[in-house]
Amino acid sequence: MIDLRSDTITKPTPAMREAMANAEVGDDVFGDDPTVNALEAYVAELLGKEEAVYMPSGTMTNQVALRVHTEPGDEIILESQAHIYYYEGGAPAALSGVMCRLIEGTKGIFTAQDLRSVLRPDNVHFAKTKLVCLENTHNRGGGSIFPLATIQEIALVCQEHNLKLHLDGARFWNACEATGISEAEYVQPFDTVSVCFSKGLGAPVGSALVGSKDLMQRARRFRKMFGGGMRQAGIIAAGALYALKHNRERLSEDRVNAKILAEGLSLIEDIKINPEDVQTNIVIFETENMPAPELAARLEEKGVALLAIGSNQLRAVTNLMVTQEQVEKVPSLVATALRDRTTPISIAAKSY
Ligand SMILES: Cc1ncc(COP(=O)(O)O)c(C=O)c1O
């Protein structure tokens with residue numbers, strides 16, 4: 001199977017498994033796990049922030065960040081397709097009791113002017129706005145990169161209005177690889193940053209929230225409250241540390257493969273995609289004459305897995321389990337699947 005559903009499907013390599021098997025461990029709730037401590041120190045230094053807190057998932061790091069920056073009844077501002085809003089099970093309302101005010105971006109990206117246009121004066125009628133969240137790269141935006149200059153302008157508006165700024169950086173590593181901007185420079189404007197090790201980097205588990213010592217102290221409290229205090233977590237943290245040290249550079253291969261895929265798909269008559277839009281490892285394309293769930297089902301029969309993310313939209317994510325040679329085969333399999341439209345097929349109508 002050429003599995004392009006997500007970069008989360010990656011499995012640990014033998015070398016990563018060996019690092020995990022040999023990890024020194026302790027009870028991390030007591031702060032005793034040397035491997036977790038090493039991972040947290042490494043991530044904090046890499047991002048140029050004071051402290052990092054290891055957690056089981058990107059959803060948890062994002063949601064802990066929301067809780068750290070807000071109180072129930074507050075408002076947060078984010079892009080309309082942001083993962084925090086779109087894919088985290090309603091957690092902002094359930095776990096932090098906050099309202100989400102949405103900005104319609106372009107491929108997930110919005111500007112300082114867009115932010116200004118939704119800010120409201122301090123008045124008893126309005127919820128108190130506390131936090132702005134950005135996503136880099138943007139998942140539903142097709143792996144789009146948030147330009148650093150735009151982030152800096154948004155951060156100035158946040159400072160003027162006493163708002164905190166959080167980054168959902170599940171695929172932040174891909175943005176750094178594609179732009180050549182250093183991790184620390186890219187996140188300098190943010191108060192908190194969530195990064196994932198279990199996406200393109202290929203670790204089996206884990207994310208980290210990064211920020212000042214004071215904010216991370218508060219984050220540790222909410223991590224425990226949300227059930228994310230782990231014990232001998234060094235076993236999984238070792239996979240994350242290995243991924244961070246060995247798998248960041250190779251993200252360029254995923255970017256190149258995504259471009260190859262997009263260019264191949266753009267030659268198919270019934271497929272709509274502009275290869276110029278593909279900036280990192282996510283390829284979103286539209287099918288004009290076959291519903292997306294049907295095309296996904298037909299491709300699965302041919303050994304290609306990808307996701308229908310709308311009635312006519314599909315997503316493919318290049319990742320370390322898929323070679324260039326495999327990616328090169330996909331466009332012709334898509335073309336064949338489209339030609340098969342008269343053959344009956346049972347479609348489990350899944351759309352993400
Ligand atoms: C942009 C973004 N943020 C957060 C997450 C959540 O990560 P997790 O699946 O580890 O909860 C994802 C997952 O794919 C994501 O794409």
# chains A, B, ... in the order shown; residues from 1 in each chain; ligands from 1

$ residues_near_ligand --ligand "ligand 1" --cutoff "10 Å" --atoms "only C-alpha atoms and all ligand atoms" --output "JSON, numbers by chain"
{"A": [6, 7, 8, 55, 56, 57, 58, 59, 60, 61, 62, 63, 81, 82, 83, 84, 85, 86, 87, 88, 134, 135, 136, 137, 138, 139, 140, 141, 143, 167, 168, 169, 170, 171, 172, 194, 195, 196, 197, 198, 199, 204, 205, 206, 207]}

$ select_by_dssp --residues "stretch 25-217 of chain A" --states "alpha helix (DSSP H)" --output "PyMOL selection string"
chain A and resi 34-47+58-69+83-86+91+112-118+148-160+172-179+183-187+213-217

$ residues_around --residues "stretch 259-271 of chain A" --least-positions-apart "5" --cutoff "6 Å" --atoms "only C-alpha atoms" --output "list in words"
Glu286, Thr287, Glu288 and Pro331 of chain A

$ write_last_selection --atoms "N, CA and C atoms" --output "compact mmCIF listing (two decimals), in the first residue's frame"
# COMPACT_ATOMS: atom_id res chain seq x y z
N GLU A 286 -8.73 18.62 -6.14
CA GLU A 286 -10.17 18.45 -6.33
C GLU A 286 -10.44 17.53 -7.50
N THR A 287 -11.46 16.71 -7.34
CA THR A 287 -11.87 15.82 -8.42
C THR A 287 -13.17 16.38 -8.99
N GLU A 288 -13.21 16.58 -10.30
CA GLU A 288 -14.32 17.32 -10.88
C GLU A 288 -15.50 16.44 -11.27
N PRO A 331 0.00 9.37 -9.86
CA PRO A 331 -0.86 10.05 -10.83
C PRO A 331 -1.48 9.11 -11.87

$ residues_around --residues "A:Ala292" --least-positions-apart "6" --cutoff "9 Å" --atoms "only C-alpha atoms" --output "list in words"
Glu286, Leu307, Ala308, Ile309, Gly310, Ser311, Asn312, Gln313, Leu314 and Ser351 of chain A

$ closest_residue --among "A:Ala233, A:Ala41, A:Leu244, A:Glu276" --to "A:Ala21" --atoms "only C-alpha atoms"
A:Ala233

$ closest_residue --among "A:Arg315, A:Lys329, A:Arg116, A:Arg223" --to "A:Gly303" --atoms "only C-alpha atoms"
A:Lys329

$ closest_residue --among "A:Pro34, A:Pro121, A:Gly26, A:Pro293" --to "A:Tyr352" --atoms "only C-alpha atoms"
A:Pro293

$ residues_around --residues "A:Met16" --least-positions-apart "5" --cutoff "12 Å" --atoms "only C-alpha atoms" --output "mmCIF file with C-alpha atoms, in the first residue's frame"
data_model
loop_
_atom_site.group_PDB
_atom_site.id
_atom_site.type_symbol
_atom_site.label_atom_id
_atom_site.label_comp_id
_atom_site.auth_asym_id
_atom_site.auth_seq_id
_atom_site.Cartn_x
_atom_site.Cartn_y
_atom_site.Cartn_z
ATOM 1 C CA THR A 10 4.794 6.486 10.098
ATOM 2 C CA LYS A 11 6.203 3.639 12.168
ATOM 3 C CA ALA A 21 14.350 0.169 24.123
ATOM 4 C CA ASN A 22 17.531 1.511 25.707
ATOM 5 C CA ALA A 23 16.005 4.691 27.156
ATOM 6 C CA LEU A 201 9.431 13.370 12.092
ATOM 7 C CA GLY A 202 8.154 9.814 12.455
ATOM 8 C CA ALA A 203 8.128 9.282 16.236
ATOM 9 C CA PRO A 204 5.311 7.083 17.521
ATOM 10 C CA ILE A 235 10.415 5.131 26.418
ATOM 11 C CA ILE A 236 8.343 7.259 24.054
ATOM 12 C CA ALA A 237 10.321 10.464 24.629
ATOM 13 C CA ALA A 238 13.405 8.602 23.353
ATOM 14 C CA GLY A 239 11.612 8.079 20.025
ATOM 15 C CA ALA A 240 10.799 11.795 19.922
ATOM 16 C CA LEU A 241 14.387 12.780 20.714
ATOM 17 C CA TYR A 242 15.692 10.399 18.068
ATOM 18 C CA ALA A 243 13.221 11.825 15.517
ATOM 19 C CA LEU A 244 14.211 15.374 16.313
ATOM 20 C CA LYS A 245 17.914 14.671 15.934
ATOM 21 C CA HIS A 246 17.743 12.468 12.833
ATOM 22 C CA ASN A 247 14.619 13.201 10.808
#

$ residues_around --residues "A:Glu40" --least-positions-apart "3" --cutoff "6 Å" --atoms "only C-alpha atoms" --output "PyMOL selection string"
chain A and resi 37+43+52

$ write_last_selection --atoms "C-alpha atoms" --output "short mmCIF file (atom, residue, chain, number, x, y, z; two decimals), in the first residue's frame"
data_model
loop_
_atom_site.label_atom_id
_atom_site.label_comp_id
_atom_site.auth_asym_id
_atom_site.auth_seq_id
_atom_site.Cartn_x
_atom_site.Cartn_y
_atom_site.Cartn_z
CA ASN A 37 13.98 15.87 30.85
CA VAL A 43 13.29 21.28 22.42
CA ALA A 52 9.19 22.71 27.22
#

$ residues_around --residues "A:Pro344" --least-positions-apart "2" --cutoff "12 Å" --atoms "only C-alpha atoms" --output "list of chain:residue names"
A:Glu294, A:Ala297, A:Arg298, A:Ala337, A:Asp340, A:Arg341, A:Thr342, A:Ser346, A:Ile347

$ write_last_selection --atoms "C-alpha atoms" --output "short mmCIF file (atom, residue, chain, number, x, y, z; two decimals), in the first residue's frame"
data_model
loop_
_atom_site.label_atom_id
_atom_site.label_comp_id
_atom_site.auth_asym_id
_atom_site.auth_seq_id
_atom_site.Cartn_x
_atom_site.Cartn_y
_atom_site.Cartn_z
CA GLU A 294 -15.50 7.24 -4.44
CA ALA A 297 -12.22 3.93 -2.47
CA ARG A 298 -11.19 3.15 -6.06
CA ALA A 337 -9.27 5.05 -11.14
CA ASP A 340 -13.03 3.03 -13.96
CA ARG A 341 -16.12 5.02 -13.04
CA THR A 342 -18.57 2.55 -14.58
CA SER A 346 -18.85 -0.21 -2.52
CA ILE A 347 -17.89 3.05 -0.87
#

$ closest_residue --among "A:Cys133, A:Leu209, A:Ala93, A:Leu251" --to "A:Gly180" --atoms "only C-alpha atoms"
A:Leu251

$ closest_residue --among "A:Val317, A:Ile9, A:Val53, A:Ile145" --to "A:Lys224" --atoms "only C-alpha atoms"
A:Val53

$ closest_residue --among "A:Thr106, A:Gln113, A:Thr179, A:Thr70" --to "A:Pro92" --atoms "only C-alpha atoms"
A:Thr70

$ atom_distance --atom1 "atom CA of A:Asn281" --atom2 "atom CA of A:Lys49"
26.6 Å

$ select_by_dssp --residues "stretch 108-290 of chain A" --states "strand (DSSP E)" --output "ChimeraX atom specification"
/A:129-135,164-169,192-196,207-211,271-272,282-287

$ decode --residues "stretch 306-326 of chain A" --atoms "N, CA, C and O atoms" --output "PDB file, in the first residue's frame"
ATOM      1  N   LEU A 306      -5.428   7.495   0.408  1.00  0.00           N
ATOM      2  CA  LEU A 306      -5.418   8.919   0.734  1.00  0.00           C
ATOM      3  C   LEU A 306      -6.780   9.279   1.312  1.00  0.00           C
ATOM      4  O   LEU A 306      -7.669   8.442   1.394  1.00  0.00           O
ATOM      5  N   LEU A 307      -6.946  10.516   1.740  1.00  0.00           N
ATOM      6  CA  LEU A 307      -8.175  10.866   2.449  1.00  0.00           C
ATOM      7  C   LEU A 307      -9.067  11.784   1.630  1.00  0.00           C
ATOM      8  O   LEU A 307      -8.580  12.749   1.022  1.00  0.00           O
ATOM      9  N   ALA A 308     -10.381  11.478   1.650  1.00  0.00           N
ATOM     10  CA  ALA A 308     -11.359  12.440   1.141  1.00  0.00           C
ATOM     11  C   ALA A 308     -11.590  13.435   2.272  1.00  0.00           C
ATOM     12  O   ALA A 308     -11.960  13.033   3.382  1.00  0.00           O
ATOM     13  N   ILE A 309     -11.348  14.713   2.008  1.00  0.00           N
ATOM     14  CA  ILE A 309     -11.557  15.704   3.085  1.00  0.00           C
ATOM     15  C   ILE A 309     -12.714  16.651   2.773  1.00  0.00           C
ATOM     16  O   ILE A 309     -12.897  17.659   3.438  1.00  0.00           O
ATOM     17  N   GLY A 310     -13.485  16.288   1.765  1.00  0.00           N
ATOM     18  CA  GLY A 310     -14.665  17.073   1.406  1.00  0.00           C
ATOM     19  C   GLY A 310     -15.364  16.305   0.314  1.00  0.00           C
ATOM     20  O   GLY A 310     -14.878  15.252  -0.118  1.00  0.00           O
ATOM     21  N   SER A 311     -16.507  16.811  -0.180  1.00  0.00           N
ATOM     22  CA  SER A 311     -17.251  16.037  -1.165  1.00  0.00           C
ATOM     23  C   SER A 311     -16.462  15.877  -2.467  1.00  0.00           C
ATOM     24  O   SER A 311     -16.594  14.873  -3.158  1.00  0.00           O
ATOM     25  N   ASN A 312     -15.615  16.851  -2.799  1.00  0.00           N
ATOM     26  CA  ASN A 312     -14.803  16.704  -4.018  1.00  0.00           C
ATOM     27  C   ASN A 312     -13.319  17.018  -3.784  1.00  0.00           C
ATOM     28  O   ASN A 312     -12.595  17.304  -4.715  1.00  0.00           O
ATOM     29  N   GLN A 313     -12.933  16.969  -2.504  1.00  0.00           N
ATOM     30  CA  GLN A 313     -11.538  17.298  -2.166  1.00  0.00           C
ATOM     31  C   GLN A 313     -10.817  16.109  -1.548  1.00  0.00           C
ATOM     32  O   GLN A 313     -11.377  15.423  -0.683  1.00  0.00           O
ATOM     33  N   LEU A 314      -9.588  15.893  -2.000  1.00  0.00           N
ATOM     34  CA  LEU A 314      -8.790  14.805  -1.410  1.00  0.00           C
ATOM     35  C   LEU A 314      -7.468  15.354  -0.910  1.00  0.00           C
ATOM     36  O   LEU A 314      -6.990  16.383  -1.400  1.00  0.00           O
ATOM     37  N   ARG A 315      -6.893  14.623   0.040  1.00  0.00           N
ATOM     38  CA  ARG A 315      -5.607  15.053   0.588  1.00  0.00           C
ATOM     39  C   ARG A 315      -4.630  13.894   0.558  1.00  0.00           C
ATOM     40  O   ARG A 315      -4.970  12.760   0.934  1.00  0.00           O
ATOM     41  N   ALA A 316      -3.428  14.169   0.086  1.00  0.00           N
ATOM     42  CA  ALA A 316      -2.337  13.192   0.153  1.00  0.00           C
ATOM     43  C   ALA A 316      -1.188  13.843   0.916  1.00  0.00           C
ATOM     44  O   ALA A 316      -0.884  15.019   0.701  1.00  0.00           O
ATOM     45  N   VAL A 317      -0.579  13.097   1.816  1.00  0.00           N
ATOM     46  CA  VAL A 317       0.523  13.643   2.614  1.00  0.00           C
ATOM     47  C   VAL A 317       1.739  12.750   2.429  1.00  0.00           C
ATOM     48  O   VAL A 317       1.706  11.562   2.782  1.00  0.00           O
ATOM     49  N   THR A 318       2.793  13.321   1.870  1.00  0.00           N
ATOM     50  CA  THR A 318       4.007  12.524   1.685  1.00  0.00           C
ATOM     51  C   THR A 318       4.679  12.353   3.044  1.00  0.00           C
ATOM     52  O   THR A 318       4.571  13.205   3.927  1.00  0.00           O
ATOM     53  N   ASN A 319       5.347  11.220   3.204  1.00  0.00           N
ATOM     54  CA  ASN A 319       5.891  10.903   4.531  1.00  0.00           C
ATOM     55  C   ASN A 319       7.020   9.889   4.402  1.00  0.00           C
ATOM     56  O   ASN A 319       7.256   9.339   3.323  1.00  0.00           O
ATOM     57  N   LEU A 320       7.674   9.624   5.505  1.00  0.00           N
ATOM     58  CA  LEU A 320       8.910   8.831   5.424  1.00  0.00           C
ATOM     59  C   LEU A 320       8.710   7.345   5.139  1.00  0.00           C
ATOM     60  O   LEU A 320       9.689   6.616   4.960  1.00  0.00           O
ATOM     61  N   MET A 321       7.451   6.912   5.047  1.00  0.00           N
ATOM     62  CA  MET A 321       7.190   5.516   4.683  1.00  0.00           C
ATOM     63  C   MET A 321       6.985   5.367   3.173  1.00  0.00           C
ATOM     64  O   MET A 321       6.740   4.262   2.690  1.00  0.00           O
ATOM     65  N   VAL A 322       7.006   6.483   2.444  1.00  0.00           N
ATOM     66  CA  VAL A 322       6.681   6.437   1.011  1.00  0.00           C
ATOM     67  C   VAL A 322       7.867   6.973   0.199  1.00  0.00           C
ATOM     68  O   VAL A 322       8.329   8.089   0.441  1.00  0.00           O
ATOM     69  N   THR A 323       8.330   6.187  -0.760  1.00  0.00           N
ATOM     70  CA  THR A 323       9.502   6.588  -1.552  1.00  0.00           C
ATOM     71  C   THR A 323       9.082   7.420  -2.773  1.00  0.00           C
ATOM     72  O   THR A 323       7.915   7.402  -3.187  1.00  0.00           O
ATOM     73  N   GLN A 324      10.079   8.084  -3.374  1.00  0.00           N
ATOM     74  CA  GLN A 324       9.811   8.866  -4.590  1.00  0.00           C
ATOM     75  C   GLN A 324       9.276   7.961  -5.703  1.00  0.00           C
ATOM     76  O   GLN A 324       8.352   8.326  -6.435  1.00  0.00           O
ATOM     77  N   GLU A 325       9.847   6.781  -5.799  1.00  0.00           N
ATOM     78  CA  GLU A 325       9.421   5.832  -6.835  1.00  0.00           C
ATOM     79  C   GLU A 325       7.925   5.499  -6.683  1.00  0.00           C
ATOM     80  O   GLU A 325       7.186   5.455  -7.673  1.00  0.00           O
ATOM     81  N   GLN A 326       7.496   5.322  -5.445  1.00  0.00           N
ATOM     82  CA  GLN A 326       6.065   5.030  -5.211  1.00  0.00           C
ATOM     83  C   GLN A 326       5.207   6.242  -5.566  1.00  0.00           C
ATOM     84  O   GLN A 326       4.172   6.107  -6.213  1.00  0.00           O
TER      85      GLN A 326
END
